[in-house]
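Written out below as structure tokens is the structure these notes cover.
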Amino acid sequence: MTHQNSIRIVSYNEIAMIELDQQDSKVNKWSTGMMLRLNQVIDELEKSSYKAAIFISKKPKIFIAGADIDEIRSLKSVQEFDVAVKQGQTIFSRLEKLNMPVIAAMNGAVAGGGCEFALACDYRIATDDSSTRIGLPETKLGIIPGFGGCVRLPRALGLAGALDIILAGKLLNSNKAFKVGLVDQVVHPNILEKTALDFARTLIGKPKRIKRFQPKGLVNQILESPLGRGVIFSQAQKSVLKATHGHYPAPLKAIEVIKKTYGFSSIESALEIERKAFCEVAVTEVSKNLIHVFDLTEMVKKQTGVENSSISGMPIHHLGILGAGTMGGGVAYVAADKGIEVRMKDISFDAVAKGIKHARSLWEKLAKKRVINEFELQQRLAHVTGGVDFSDFKRTDLVVEAIVEDMEIKKRVFAELASFVRPDAIVVSNTSSLRVNEMQTAYPYPENFAGMHFFNPVDKMPLVEVIRGDKTSDQTIATVFELAKKMGKMPVVVKDGPGFLVNRLLLPYMAEAAFLLQEGQSIDFVDKAYVKHFGMPMGPFALMDEVGLDVCIKVLKIFKKAFGDRIEIAPFMQELETSGKLGKKNKNGFYQYDEKGYRKEVDQTIYSQFKIQIKNSLSEKECIERGIFAMVNECARAMVTDKIVNTSDEVDLAMIMGTGFPPFRGGLLKYADHYGVDQIQNALKGYSIKAPRLEPSPELGEIVKKGGFYKS
Amino acid sequence: MDLRDVVIVEGIRTPFAKSGTQLAGVHPAELGRHALRELIAKTQLNVDLIDEVIIGNTGNPVDAVNIGRVVALRAGVPLKTSAYTVHRNCASALESISHGFDKIRAGVMDVVIAGGTETMSQMPIMLPKRFQDLFGKLFAAKGPSQALPLLWQLFKYDIKMIQALLSGNQKDEYFPIISVMKGLTDPFVGINMGATAELLAKEWGITRKEQDLFALSSHQKASAAIKSGVMGQEIAPFPLGPKYDQVIINDIGPRDNQTLEALEKLKPFFDKKTGTITAGNACPITDGAAMMLLMSRQKANELGYKPLAKIRSYGFAGLEPERMGLGPAYSSPIALKRASLELKDIGLIELNEAFAAQVISSIKAMDSEQFAKDKLGLSKKVGEINPDIVNVNGGAIALGHPVGATGTRIVLTLVKEMQRRQTQFGLATLCIGGGQGGAMVVELEK
């Protein structure tokens with residue numbers, strides 16, 4: 001399509017107001033077409049008699065969102081990337097050299113290529129709207145800024161400031177951006193255009209701005225000295241390696257580019273180095289995987305949770321919560337934080353007060369970091385109230401049950417609840433191990449009943465499993481799905497079945513870790529293998545401590561009942577049940593914990609307690625493979641026979657958002673496909689000689705037949 | 001049945017707590033929010049239907065000057081709904097109900113929240129006028145050469161303030177202004193509320209013993225009402241932030257172990273030599289909030305509510321500020337007349353206990369032909385009151401008197417008890433600092 005109207009010049013006498021308004025999209029982004037149009041606009045400006053130019057967006061809450069990810073995805077080879085990046089670099093350089101002052105007047109997202117565009121302008125004015133977020137998130141997609149960001153940002157902000165932004169890939173609000181020197185002025189959105197025009201008039205006839213970071217104060221001057229720079233680079237390198245265990249090449253590449261080019265007098269040769277480095281990381285598997293993860297999150301934004309496109313979720317204004325414990329309080333927080341009125345019910349006022357306290361303490365943390373102010377804290381807190389009866393529940397649109405995990409008690413509560421809520425209200429259970437189909441029978445309107453499984457801690461864990469019971473209606477699923485999104489969560493719809501999706505896959509993994517220990521691998525050996533080599537956020541033993549050892553054993557038993565002999569429980573786990581070890585919650589598990597509940601060293605007494613001789617005779621590879629492949633094997637069963645979820649995308653999203661499965665691997669099934677499902681099948685066959693539970697499933701065989709999980 | 005009848009659908013309050021105790025740190029807007037939010041919860045009311053929120057308050061906190069609006073918004077009342085604050089001193093929360101009554105009766109509104117909130121513990125201590133003038137100059141000072149002499153002046157004032165504090169002489173012009181005390185001093189005649197009660201005690205010949213016995217009975221009745229759970233029916237337990245380590249369930253004030261001997265031992269507080277008013281037979285300074293849902297009968301029927309009572313009338317009257325305690329004797333006959341009722345028709349009374357002496361003199365005045373003739377211009381007395389129907393669950397001497405909230409509290413306590421006893425008519429009345437009385441007559445909804 002032609003982008004004639006996507007970037008258009010509106011004349012204000014001597015000033016060109018250039019409106020960004022991409023015609024085929026809700027947002028402005030740098031596609032090849034948009035780039036070529038920008039190039040035309042620069043031609044027109046060069047030939048015109050304009051004395052100044054202002055770029056402004058006509059899209060709500062978006063200045064420029066970045067480069068077009070669809071285009072990045074379509075590029076395969078280094079040559080293809082090189083052509084595309086060179087085009088962008090060249091056009092931005094033309095903009096930078098334009099013979100008139102250029103102002104970026106920015107409201108909304110100024111991300112990636114959008115930020116690099118703004119850096120090529122002479123001045124940047126940003127609004128103080130909460131939608132205005134400025135930065136370079138490229139490293140989160142496994143690439144580096146390639147349109148001059150690695151070159152221009154350090155020149156504008158200095159080394160330390162630029163590395164902070166590029167390596168973390170975070171977006172700054174306008175006040176923060178002003179503080180670090182990324183924008184020159186912050187204004188209210190209503191006066192953005194006028195301020196830019198007034199400012200442009202003052203610039204007419206003045207020489208072009210020379211952008212060069214000037215360190216102020218002794219500390220900054222030292223940091224900018226050759227010695228200081230050396231320290232900054234080595235510190236940056238160290239902290240990146242510590243955070244990523246070397247699994248993410250992009251931040252390291254960005255450091256390398258900046259190290260090479262900082263101080264170059266020729267922008268052109270600096271850009272060439274940046275471009276070469278960009279192409280190197282852009283073709284890596286890691287980048288493809290991270291873009292896949294990005295696509296998964298975008299996919300959720302577009303989904304409604306149901307196939308029928310005529311059904312959309314009802315808005316939830318008022319939420320009831322049964323049980324004001326850790327989960328209930330956490331759900332209260334994520335709901336009230338988004339303006340939803342919350343009513344909790346528990347058996348005592350003290351319990352209710354604890355729930356309110358839980359939510360308050362989370363907002364206090366935000367207030368301390370100045371994310372919210374005192375008034376916002378009070379407003380949010382006022383949304384959370386509670387009592388010991390069902391008063392207010394007639395006003396609730398949806399009720400989340402978060403009481404004790406006991407089927408009989410839950411069923412009784414649902415039956416009772418029915419007379420205190422409107423018949424059209426939706427009721428969901430936050431159960432992690434009980435069956436939605438059975439609970440549903442206790443509620444007189446089963447079509448309005450579903451599961452909504454939050455993960456602990458609710459405020460941090462992005463995944464919500466929306467569990468569809470046999471009788472749950474599409475309308476209910478769509479509403480719960482929409483609510484989860486409103487809470488800032490990533491919902492995945494799963495069919496009812498033991499452990500739903502995430503716990504069903506995690507359990508064989510944790511059970512296998514227990515066998516590794518039983519066979520003589522030490523707890524640190526196994527956990528370290530998973531964290532350092534595989535990239536898990538924590539190893540299986542630390543995870544079991546988090547979940548609670550009692551819960552793990554309880555769920556294992558539920559699984560054994562459901563799936564029979566193929567579930568095996570390591571002998572010491574049986575003893576563990578009566579050992580008094582509960583994990584993190586009683587600060588006594590595989591690990592020791594300090595008073596604040598932070599994980600410390602492995603509890604070495606565990607080996608003698610359960611008479612385990614530590615040999616560490618297995619390779620790290622075997623330790624990892626047995627656990628991960630057990631998950632893959634179980635996933636094939638869950639998908640092919642039980643149809644817990646329909647797509648591999650959903651599994652990968654759920655595992656990354658619910659367990660922290662390493663994003664650079666693209667998810668469990670992307671990893672499996674990349675490794676080769678036939679290889680996995682063979683490996684499992686080998687392991688199953690000693691351990692029959694690892695026998696590859698017939699379902700995995702079917703996956704192998706079609707060539708991988710992602711093959712249709 | 002008149003569809004424009006004004007009915008009380010439901011009411012609720014926070015626990016009342018003696019100042020300086022558990023609720024002392026809670027902002028009055030927060031107390032009000034809790035009471036209103038729990039009223040909404042209890043009635044499961046669709047908040048979009050609320051036409052107006054009217055809140056009584058006297059302390060007028062500087063960070064929430066129209067506290068009615070703050071309470072409404074924090075409690076989840078929609079932005080579109082108007083809210084305001086009323087101040088009629090001790091009757092502010094009766095004033096709020098009477099506003100709602102008039103607006104519903106006139107047909108301009110159907111659903112009104114009326115109530116009141118007060119954290120007397122948080123009434124500020126202010127600097128004397130000369131400090132204010134000095135600060136005014138200091139803020140305008142340009143450069144150290146102007147500021148330094150003023151700061152030296154401030155230092156000298158500070159020394160004088162310390163001297164005044166040490167002397168304990170509150171009339172000293174350097175003594176900080178304690179606004180709660182200032183508020184309890186009549187600005188027209190310049191005497192303290194306690195002193196007005198002393199005057200009534202002398203004029204009506206009320207002994208110290210009578211007053212102490214009255215106070216004792218207030219504590220006994222209130223304690224019994226708490227124990228039996230009767231009081232709990234009008235209270236929404238308050239989770240005490242920011243720590244939330246306790247939930248206030250009952251009023252903090254009534255003492256179930258109160259003895260007459262202990263009351264008799266107390267020294268007179270206002271007139272140290274010949275006085276009879278003590279801290280024991282006067283109400284304590286208190287923190288608390290109360291809220292009430294008013295509707296037209298038509299609306300209540302439409303929404304399927306079963307109201308507690310119907311408001312028949314209200315009445316306010318003025319009298320000599322130094323005799324403000326007699327206010328109930330002036331306002332009650334007005335309200336009764338408007339309701340076309342007589343005192344003998346009334347089966348239950350809440351007469352606010354600012355001071356025992358003031359309650360007893362009000363009852364005596366209403367029983368006096370002379371008083372009726374001289375002061376009310378009536379040919380016969382208002383009527384005799386059976387003490388057994390007055391404040392049956394105790395009164396402000398035990399429960400406390402958060403000035404801006406009491407009006408709603410006494411109407412609430414009255415209608416709840418009328419429901420329990422199935423009493424047809426009830427009267428709530430109180431005296432008002434500044435020389436006024438307020439009264440409201442309600443009729444049971446069966």
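As shown in the structure tokens, the chain order sets the letters A, B, ...; within each chain, residues go from 1, and ligands are also counted from 1 in the order they appear.
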Taking only residues of chain B that have an atom at most 12 Å from an atom of chain A, what is each one's shortest atom pair and its distance in Å to one decimal, using only C-alpha atoms, in chain and number order, as a tab-separated table?
residue	atom	partner	partner_atom	distance
B:His27	CA	A:Gln378	CA	11.5
B:Ala29	CA	A:Gln378	CA	11.0
B:Glu30	CA	A:Ala382	CA	8.8
B:Leu31	CA	A:Ala382	CA	11.4
B:Gly32	CA	A:Ala382	CA	11.6
B:Arg33	CA	A:Ala382	CA	8.0
B:His34	CA	A:Thr385	CA	8.5
B:Ala35	CA	A:Thr385	CA	11.2
B:Leu36	CA	A:Ala382	CA	11.5
B:Arg37	CA	A:Thr385	CA	8.1
B:Glu38	CA	A:Asp392	CA	8.4
B:Leu39	CA	A:Asp392	CA	9.4
B:Ile40	CA	A:Asp392	CA	7.2
B:Ala41	CA	A:Asp392	CA	4.0
B:Lys42	CA	A:Ser391	CA	5.1
B:Thr43	CA	A:Asp392	CA	7.4
B:Gln44	CA	A:Asp392	CA	4.9
B:Leu45	CA	A:Arg395	CA	7.6
B:Asn46	CA	A:Arg395	CA	7.3
B:Val47	CA	A:Arg395	CA	9.6
B:Asp48	CA	A:Arg395	CA	11.7
B:Asp63	CA	A:Phe375	CA	11.6
B:Val70	CA	A:Gln379	CA	10.4
B:Val71	CA	A:Ala382	CA	10.2
B:Ala72	CA	A:Ala382	CA	11.0
B:Leu73	CA	A:Gln379	CA	8.8
B:Arg74	CA	A:Ala382	CA	5.8
B:Ala75	CA	A:Ala382	CA	6.8
B:Gly76	CA	A:His383	CA	7.5
B:Val77	CA	A:Glu341	CA	11.2
B:Ala236	CA	A:Gly387	CA	8.8
B:Pro237	CA	A:Phe349	CA	7.7
B:Phe238	CA	A:Phe349	CA	8.7
B:Pro239	CA	A:Ala353	CA	5.5
B:Leu240	CA	A:Ala353	CA	7.9
B:Gly241	CA	A:Lys357	CA	7.7
B:Pro242	CA	A:Lys357	CA	7.4
B:Lys243	CA	A:Lys357	CA	6.8
B:Tyr244	CA	A:Ala353	CA	5.4
B:Asp245	CA	A:Ala353	CA	7.4
B:Gln246	CA	A:Asp350	CA	6.8
B:Val247	CA	A:Asp350	CA	6.4
B:Ile248	CA	A:Phe349	CA	9.4
B:Ile249	CA	A:Phe349	CA	9.0
**Item:** Which of B:Thr413, B:Asn391, B:Gln419, B:Thr81 sits closest to B:Lys306 [using only C-alpha atoms]
**Value:**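 Going through B:Thr413, B:Asn391, B:Gln419, B:Thr81 one by one, the smallest distance to B:Lys306 is for B:Gln419.
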**Message:** Neighbouring residues of A:Thr32 were defined as those with any atom within 9 Å, considering only C-alpha atoms; residues of the same chain fewer than 5 positions away were excluded. Please report them as number ranges by chain.
**Reply:** A: 37, 68, 71, 84, 87-88
Using only C-alpha atoms, tabulate the residues of stretch 111-177 of chain A lying at most 10 Å from any atom of stretch 197-208 of chain A, each with its closest atom pair and that distance in Å to one decimal, by chain and increasing residue number, as a tab-separated table.
residue	atom	partner	partner_atom	distance
A:Asp122	CA	A:Lys208	CA	7.9
A:Tyr123	CA	A:Ala200	CA	9.7
A:Ile125	CA	A:Phe199	CA	9.7
**Message:** For the structure I just gave you, how does DSSP split stretch 375-511 of chain A - specifically, which residues are strand (DSSP E or B)? Reply as a ChimeraX atom specification.
**Reply:** /A:384-387,398-401,426-429,449-454,463-468,490-495
Let's have the selection written as a compact mmCIF listing (two decimals), in the first residue's frame, with N, CA and C atoms.
# COMPACT_ATOMS: atom_id res chain seq x y z
N VAL A 384 -10.97 -2.42 48.58
CA VAL A 384 -10.93 -3.74 49.20
C VAL A 384 -11.61 -3.71 50.56
N THR A 385 -12.73 -4.40 50.69
CA THR A 385 -13.41 -4.50 51.98
C THR A 385 -13.80 -5.95 52.18
N GLY A 386 -14.32 -6.23 53.37
CA GLY A 386 -14.71 -7.61 53.60
C GLY A 386 -15.55 -7.80 54.83
N GLY A 387 -16.06 -8.99 54.99
CA GLY A 387 -16.89 -9.30 56.15
C GLY A 387 -16.94 -10.79 56.37
N LEU A 398 -18.73 -11.41 39.77
CA LEU A 398 -17.96 -12.65 39.68
C LEU A 398 -17.38 -12.93 41.07
N VAL A 399 -17.41 -14.20 41.46
CA VAL A 399 -16.88 -14.59 42.77
C VAL A 399 -15.73 -15.57 42.57
N VAL A 400 -14.58 -15.28 43.20
CA VAL A 400 -13.43 -16.18 43.16
C VAL A 400 -13.39 -16.94 44.48
N GLU A 401 -13.42 -18.24 44.42
CA GLU A 401 -13.31 -19.04 45.63
C GLU A 401 -11.84 -19.37 45.86
N ILE A 426 -20.94 -14.98 37.88
CA ILE A 426 -20.04 -16.09 37.53
C ILE A 426 -19.27 -16.50 38.78
N VAL A 427 -19.09 -17.79 38.96
CA VAL A 427 -18.36 -18.29 40.12
C VAL A 427 -17.17 -19.09 39.61
N VAL A 428 -15.97 -18.77 40.13
CA VAL A 428 -14.79 -19.52 39.72
C VAL A 428 -14.05 -20.03 40.95
N SER A 429 -13.41 -21.17 40.79
CA SER A 429 -12.59 -21.71 41.87
C SER A 429 -11.12 -21.52 41.53
N PHE A 449 -20.06 -21.48 35.92
CA PHE A 449 -18.99 -21.93 36.82
C PHE A 449 -17.76 -22.35 36.02
N ALA A 450 -16.60 -21.92 36.49
CA ALA A 450 -15.34 -22.31 35.83
C ALA A 450 -14.22 -22.33 36.86
N GLY A 451 -13.04 -22.71 36.42
CA GLY A 451 -11.86 -22.62 37.27
C GLY A 451 -11.06 -21.40 36.85
N MET A 452 -10.42 -20.74 37.83
CA MET A 452 -9.54 -19.62 37.51
C MET A 452 -8.33 -19.79 38.40
N HIS A 453 -7.31 -20.43 37.85
CA HIS A 453 -6.17 -20.83 38.66
C HIS A 453 -5.05 -19.80 38.59
N PHE A 454 -4.94 -19.02 39.67
CA PHE A 454 -3.83 -18.07 39.80
C PHE A 454 -2.64 -18.80 40.39
N LEU A 463 0.71 -15.94 34.81
CA LEU A 463 -0.22 -16.91 34.20
C LEU A 463 -1.51 -17.07 35.01
N VAL A 464 -2.63 -17.18 34.30
CA VAL A 464 -3.88 -17.64 34.90
C VAL A 464 -4.43 -18.74 34.01
N GLU A 465 -4.65 -19.92 34.61
CA GLU A 465 -5.30 -21.00 33.85
C GLU A 465 -6.81 -20.84 34.00
N VAL A 466 -7.48 -20.66 32.88
CA VAL A 466 -8.95 -20.57 32.89
C VAL A 466 -9.46 -21.97 32.57
N ILE A 467 -10.12 -22.61 33.55
CA ILE A 467 -10.45 -24.02 33.38
C ILE A 467 -11.91 -24.18 32.98
N ARG A 468 -12.07 -24.81 31.85
CA ARG A 468 -13.41 -25.02 31.31
C ARG A 468 -13.92 -26.38 31.78
N MET A 490 -1.87 -13.22 31.94
CA MET A 490 -1.90 -13.95 30.67
C MET A 490 -2.77 -15.18 30.86
N PRO A 491 -4.00 -15.15 30.37
CA PRO A 491 -4.86 -16.32 30.55
C PRO A 491 -4.64 -17.38 29.47
N VAL A 492 -4.75 -18.64 29.87
CA VAL A 492 -4.74 -19.74 28.92
C VAL A 492 -5.93 -20.64 29.28
N VAL A 493 -6.78 -20.92 28.30
CA VAL A 493 -7.95 -21.76 28.57
C VAL A 493 -7.53 -23.22 28.51
N VAL A 494 -7.84 -23.98 29.56
CA VAL A 494 -7.50 -25.40 29.58
C VAL A 494 -8.74 -26.21 29.95
N LYS A 495 -8.75 -27.45 29.48
CA LYS A 495 -9.85 -28.34 29.84
C LYS A 495 -9.59 -28.90 31.22
**Exercise: A:Thr441 partners within 12 Å, only C-alpha atoms, chain neighbours under 4 positions left out, as a PyMOL selection string** = chain A and resi 407-408+410-412+414-415+435-437+445-450+469-472
Residue contacts of A:Gln23 (10 Å, only C-alpha atoms) excluding same-chain residues fewer than 4 positions away, as a compact mmCIF listing (two decimals) with N, CA and C atoms, in the first residue's frame:
# COMPACT_ATOMS: atom_id res chain seq x y z
N MET A 1 0.84 -1.20 0.00
CA MET A 1 0.00 0.00 0.00
C MET A 1 0.88 1.25 0.00
N THR A 2 0.35 2.30 -0.52
CA THR A 2 1.10 3.56 -0.47
C THR A 2 0.89 4.25 0.86
N HIS A 3 1.94 4.83 1.38
CA HIS A 3 1.85 5.46 2.69
C HIS A 3 1.81 6.99 2.58
N GLN A 4 1.33 7.44 1.42
CA GLN A 4 1.26 8.88 1.20
C GLN A 4 0.62 9.62 2.38
N ASN A 5 -0.47 9.02 2.90
CA ASN A 5 -1.19 9.69 3.98
C ASN A 5 -0.72 9.28 5.38
N SER A 6 0.17 8.29 5.44
CA SER A 6 0.62 7.81 6.75
C SER A 6 1.57 8.79 7.41
N ILE A 7 2.32 9.52 6.59
CA ILE A 7 3.17 10.59 7.10
C ILE A 7 2.88 11.80 6.23
N VAL A 27 -1.34 1.30 15.06
CA VAL A 27 -0.17 1.95 15.64
C VAL A 27 0.77 2.41 14.53
N ASN A 28 1.69 3.30 14.86
CA ASN A 28 2.74 3.66 13.91
C ASN A 28 3.93 2.74 14.16
N MET A 34 6.68 2.50 5.40
CA MET A 34 6.72 3.72 6.22
C MET A 34 8.08 4.39 6.09
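Excluding A:Lys61 itself and same-chain residues fewer than 6 positions from it, the residues having an atom within 12 Å of it are Lys26, Val27, Asn28, Met106, Asn107, Gly108, Ala109, Val110, Ala111, Ala126, Thr127, Asp128, Asp129, Ser130, Ser131, Thr132, Arg133, Ile134 and Pro189 of chain A, counting only C-alpha atoms.
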